[in-house]
file protein-v8.txt (compact mmCIF, C-alpha atoms)
# COMPACT_ATOMS: atom_id res chain seq x y z
CA GLY F 1 7.08 16.53 12.70
CA VAL F 2 4.70 19.25 13.66
CA MET F 3 5.11 22.70 12.08
CA ARG F 4 5.10 24.87 15.18
CA TYR F 5 7.59 27.64 15.77
CA MET F 6 7.25 27.96 19.53
CA GLU F 7 6.88 25.49 22.36
CA ARG F 8 3.55 26.94 23.47
CA GLN F 9 2.14 26.17 19.99
CA LEU F 10 3.41 22.61 19.99
CA GLN F 11 1.75 21.29 23.17
CA PRO F 12 -1.87 21.72 21.93
CA ALA F 13 -0.99 20.07 18.62
CA LEU F 14 0.28 17.00 20.48
CA LYS F 15 -2.90 16.59 22.51
CA VAL F 16 -4.53 14.75 19.60
CA LEU F 17 -2.25 11.82 20.47
CA SER F 18 -4.18 11.38 23.71
CA SER F 19 -6.97 9.86 21.61
CA LEU F 20 -4.80 6.75 21.31
CA GLN F 21 -5.67 5.98 24.92
CA GLU F 22 -9.31 6.92 24.66
CA ASP F 23 -10.46 5.35 21.38
CA ASN F 24 -10.49 1.54 21.10
CA GLY F 25 -10.70 1.90 17.32
CA TYR F 26 -6.92 2.30 17.27
CA LEU F 27 -6.06 -0.93 19.10
CA GLN F 28 -5.34 -2.89 15.90
CA TYR F 29 -2.65 -0.41 14.79
CA THR F 30 0.97 -0.04 15.83
CA PHE F 31 2.13 3.56 16.13
CA LEU F 32 5.66 4.94 16.03
CA TRP F 33 6.89 8.48 16.58
CA ARG F 34 9.31 9.80 13.96
CA GLU F 35 11.57 12.63 15.04
CA HIS F 36 11.34 16.01 13.35
CA GLU F 37 14.20 16.67 10.95
CA PRO F 38 16.59 19.52 11.77
CA GLN F 39 16.23 22.93 10.18
CA HIS F 40 19.31 24.62 8.82
CA PHE F 41 18.64 28.37 8.60
CA LEU F 42 21.90 30.30 8.82
CA GLY F 43 20.22 33.27 10.49
CA GLY F 44 18.05 31.27 12.84
CA GLN F 45 18.64 30.36 16.44
CA GLY F 46 19.87 26.78 16.48
CA GLY F 47 19.01 26.44 12.80
CA LEU F 48 15.35 27.36 13.30
CA TYR F 49 13.54 29.91 11.18
CA GLU F 50 13.04 33.26 12.83
CA THR F 51 10.41 35.74 11.66
CA GLY F 52 11.98 38.18 9.26
CA ASP F 53 14.89 35.89 8.40
CA SER F 54 15.70 36.75 4.81
CA SER F 55 18.55 34.30 4.40
CA ASP F 56 18.14 32.03 1.42
CA GLN F 57 21.15 29.92 2.33
CA CYS F 58 21.19 26.85 4.49
CA GLY F 59 24.06 25.98 6.76
CA PRO F 60 24.99 24.77 10.21
CA PRO F 61 23.95 27.04 13.08
CA PRO F 62 26.59 29.04 14.95
CA ASN F 63 28.88 26.77 16.96
CA ASN F 64 26.99 23.81 15.45
CA THR F 65 24.44 24.18 18.28
CA TYR F 66 21.01 23.01 17.13
CA ASN F 67 17.68 23.80 18.76
CA ASN F 68 15.87 20.47 19.02
CA PHE F 69 12.90 21.73 21.07
CA ARG F 70 10.26 20.04 18.87
CA ASN F 71 11.59 16.56 19.53
CA GLU F 72 12.30 17.32 23.18
CA VAL F 73 8.79 18.69 23.79
CA ALA F 74 7.18 15.81 21.89
CA LEU F 75 9.07 13.12 23.80
CA ASP F 76 8.37 14.82 27.14
CA PHE F 77 4.68 14.94 26.22
CA LEU F 78 4.59 11.28 25.17
CA ARG F 79 6.33 10.20 28.38
CA SER F 80 4.31 12.39 30.73
CA HIS F 81 1.03 11.18 29.20
CA GLU F 82 2.23 7.54 29.27
CA LEU F 83 1.92 7.26 25.50
CA LEU F 84 5.24 5.46 24.98
CA GLY F 85 5.37 1.77 25.75
CA ASN F 86 4.36 -1.72 24.66
CA GLN F 87 0.64 -1.61 25.41
CA SER F 88 -1.84 -1.67 22.51
CA HIS F 89 -2.84 1.96 23.11
CA GLN F 90 0.72 3.31 23.20
CA ILE F 91 3.30 4.48 20.69
CA ARG F 92 5.66 1.53 20.44
CA GLY F 93 8.89 3.24 19.50
CA VAL F 94 10.70 6.32 18.23
CA VAL F 95 12.38 6.62 14.84
CA HIS F 96 15.52 8.61 15.64
CA LEU F 97 16.97 10.62 12.78
CA TYR F 98 17.43 14.19 13.98
CA ASP F 99 21.07 13.86 15.05
CA ALA F 100 22.05 11.90 11.94
CA LEU F 101 20.63 14.61 9.65
CA LYS F 102 22.27 17.59 11.37
CA PRO F 103 25.29 17.63 9.04
CA MET F 104 23.08 17.38 5.92
CA TRP F 105 22.50 21.15 5.63
CA GLY F 106 23.72 21.21 2.01
CA LEU F 107 20.94 18.86 0.89
CA HIS F 108 17.96 21.22 1.11
CA PHE F 109 16.61 22.89 -2.01
CA PRO F 110 18.03 26.43 -2.14
CA GLY F 111 16.11 28.73 0.17
CA ASP F 112 14.14 25.85 1.74
CA CYS F 113 16.12 25.21 4.90
CA THR F 114 12.99 24.12 6.77
CA HIS F 115 12.00 20.94 5.03
CA TYR F 116 13.48 17.58 4.26
CA CYS F 117 17.09 17.00 3.39
CA TYR F 118 16.81 15.66 -0.14
CA ASN F 119 19.10 12.67 0.00
CA PRO F 120 18.13 9.03 -0.62
CA TRP F 121 20.11 8.09 2.51
CA ARG F 122 17.41 9.65 4.73
CA PHE F 123 14.92 7.06 3.47
CA GLU F 124 17.27 4.26 4.50
CA LEU F 125 17.70 5.97 7.86
CA THR F 126 13.92 6.29 8.27
CA TRP F 127 13.05 2.74 7.21
CA ASN F 128 15.84 1.26 9.31
CA GLY F 129 14.44 3.26 12.25
CA VAL F 130 10.97 1.87 11.56
CA TYR F 131 12.36 -1.67 11.34
CA THR F 132 14.37 -1.29 14.54
CA ALA F 133 11.43 0.20 16.45
CA MET F 134 9.01 -2.48 15.21
CA LYS F 135 11.46 -5.25 16.00
CA SER F 136 11.71 -4.08 19.61
CA ALA F 137 7.96 -3.46 19.98

call {"tool": "encode", "arguments": {"input": "protein-v8.txt", "output": "structure tokens"}}
result
Amino acid sequence: GVMRYMERQLQPALKVLSSLQEDNGYLQYTFLWREHEPQHFLGGQGGLYETGDSSDQCGPPPNNTYNNFRNEVALDFLRSHELLGNQSHQIRGVVHLYDALKPMWGLHFPGDCTHYCYNPWRFELTWNGVYTAMKSA
């Protein structure tokens, strides 16, 4: 995932992916997009960190409503720039794990609700996603 707090910061960071279409040096590689993992800040909107949030506890957001804007913006960008598909210059698949990791809020290190859920199961989830995406590519 890309560490950007607002949508307007995320779009420019994704533009580097456009080089997949422009540079023939990438044709021998197969690319996948892996979803950003959910954040679990108790004080944040949809689990996201908000400036000034002093909470050191992770938990599900109010009403269990998560803000998944990073993955939504990324997938919209990939689709609108025709970067998803089966051509040699495209990203061949998406490793979906965001929804599966939403209930894993108790598996962050204390006070680190931003980063990975520390559970061996997420590796199985990731590698199965890679396998599934590569198999369909």

call {"tool": "residues_around", "arguments": {"input": "protein-v8.txt", "residues": "segment 118-135 of chain F", "least_positions_apart": "2", "cutoff": "9 Å", "atoms": "all atoms listed in the file", "output": "PyMOL selection string"}}
result
chain F and resi 30+32+34+92-97+100-101+104+107-109+115-116+137

call {"tool": "write_last_selection", "arguments": {"input": "protein-v8.txt", "atoms": "C-alpha atoms", "output": "CSV table (one decimal), keeping the file's coordinate frame"}}
result
chain,number,residue,atom,x,y,z
F,30,THR,CA,1.0,0.0,15.8
F,32,LEU,CA,5.7,4.9,16.0
F,34,ARG,CA,9.3,9.8,14.0
F,92,ARG,CA,5.7,1.5,20.4
F,93,GLY,CA,8.9,3.2,19.5
F,94,VAL,CA,10.7,6.3,18.2
F,95,VAL,CA,12.4,6.6,14.8
F,96,HIS,CA,15.5,8.6,15.6
F,97,LEU,CA,17.0,10.6,12.8
F,100,ALA,CA,22.0,11.9,11.9
F,101,LEU,CA,20.6,14.6,9.6
F,104,MET,CA,23.1,17.4,5.9
F,107,LEU,CA,20.9,18.9,0.9
F,108,HIS,CA,18.0,21.2,1.1
F,109,PHE,CA,16.6,22.9,-2.0
F,115,HIS,CA,12.0,20.9,5.0
F,116,TYR,CA,13.5,17.6,4.3
F,137,ALA,CA,8.0,-3.5,20.0

call {"tool": "atom_distance", "arguments": {"input": "protein-v8.txt", "atom1": "atom CA of Ala74 of chain F", "atom2": "atom CA of Pro12 of chain F"}}
result
10.8 Å

call {"tool": "closest_residue", "arguments": {"input": "protein-v8.txt", "among": "F:Phe41, F:Phe77, F:Phe69, F:Glu35", "to": "Lys15 of chain F", "atoms": "all atoms listed in the file"}}
result
F:Phe77

call {"tool": "atom_distance", "arguments": {"input": "protein-v8.txt", "atom1": "atom CA of Trp105 of chain F", "atom2": "atom CA of Pro38 of chain F"}}
result
8.7 Å

call {"tool": "axis_aligned_box", "arguments": {"input": "protein-v8.txt", "around": "segment 28-38 of chain F", "padding_each_side": "8 Å", "output": "AutoDock Vina command-line options"}}
result
--center_x 5.6 --center_y 8.3 --center_z 13.8 --size_x 37.9 --size_y 38.4 --size_z 21.6

call {"tool": "closest_residue", "arguments": {"input": "protein-v8.txt", "among": "F:Phe31, F:Glu22, F:Gln11, F:Leu75", "to": "Ile91 of chain F", "atoms": "all atoms listed in the file"}}
result
F:Phe31

call {"tool": "atom_distance", "arguments": {"input": "protein-v8.txt", "atom1": "atom CA of Asp23 of chain F", "atom2": "atom CA of Asn71 of chain F"}}
result
24.8 Å

call {"tool": "residues_around", "arguments": {"input": "protein-v8.txt", "residues": "Tyr29 of chain F", "least_positions_apart": "5", "cutoff": "10 Å", "atoms": "all atoms listed in the file", "output": "MDAnalysis selection string"}}
result
chainID F and resid 20 88:91

call {"tool": "closest_residue", "arguments": {"input": "protein-v8.txt", "among": "F:Thr65, F:Gln28, F:Gln45, F:Ser19", "to": "Pro103 of chain F", "atoms": "all atoms listed in the file"}}
result
F:Thr65

call {"tool": "closest_residue", "arguments": {"input": "protein-v8.txt", "among": "F:Leu78, F:Leu14, F:Val73, F:Cys113", "to": "Glu37 of chain F", "atoms": "only C-alpha atoms"}}
result
F:Cys113

call {"tool": "closest_residue", "arguments": {"input": "protein-v8.txt", "among": "F:Pro62, F:Leu84, F:Gln57, F:Glu72", "to": "Leu17 of chain F", "atoms": "only C-alpha atoms"}}
result
F:Leu84

call {"tool": "closest_residue", "arguments": {"input": "protein-v8.txt", "among": "F:Val16, F:Leu83, F:Gly59, F:Gln39", "to": "Tyr98 of chain F", "atoms": "all atoms listed in the file"}}
result
F:Gln39
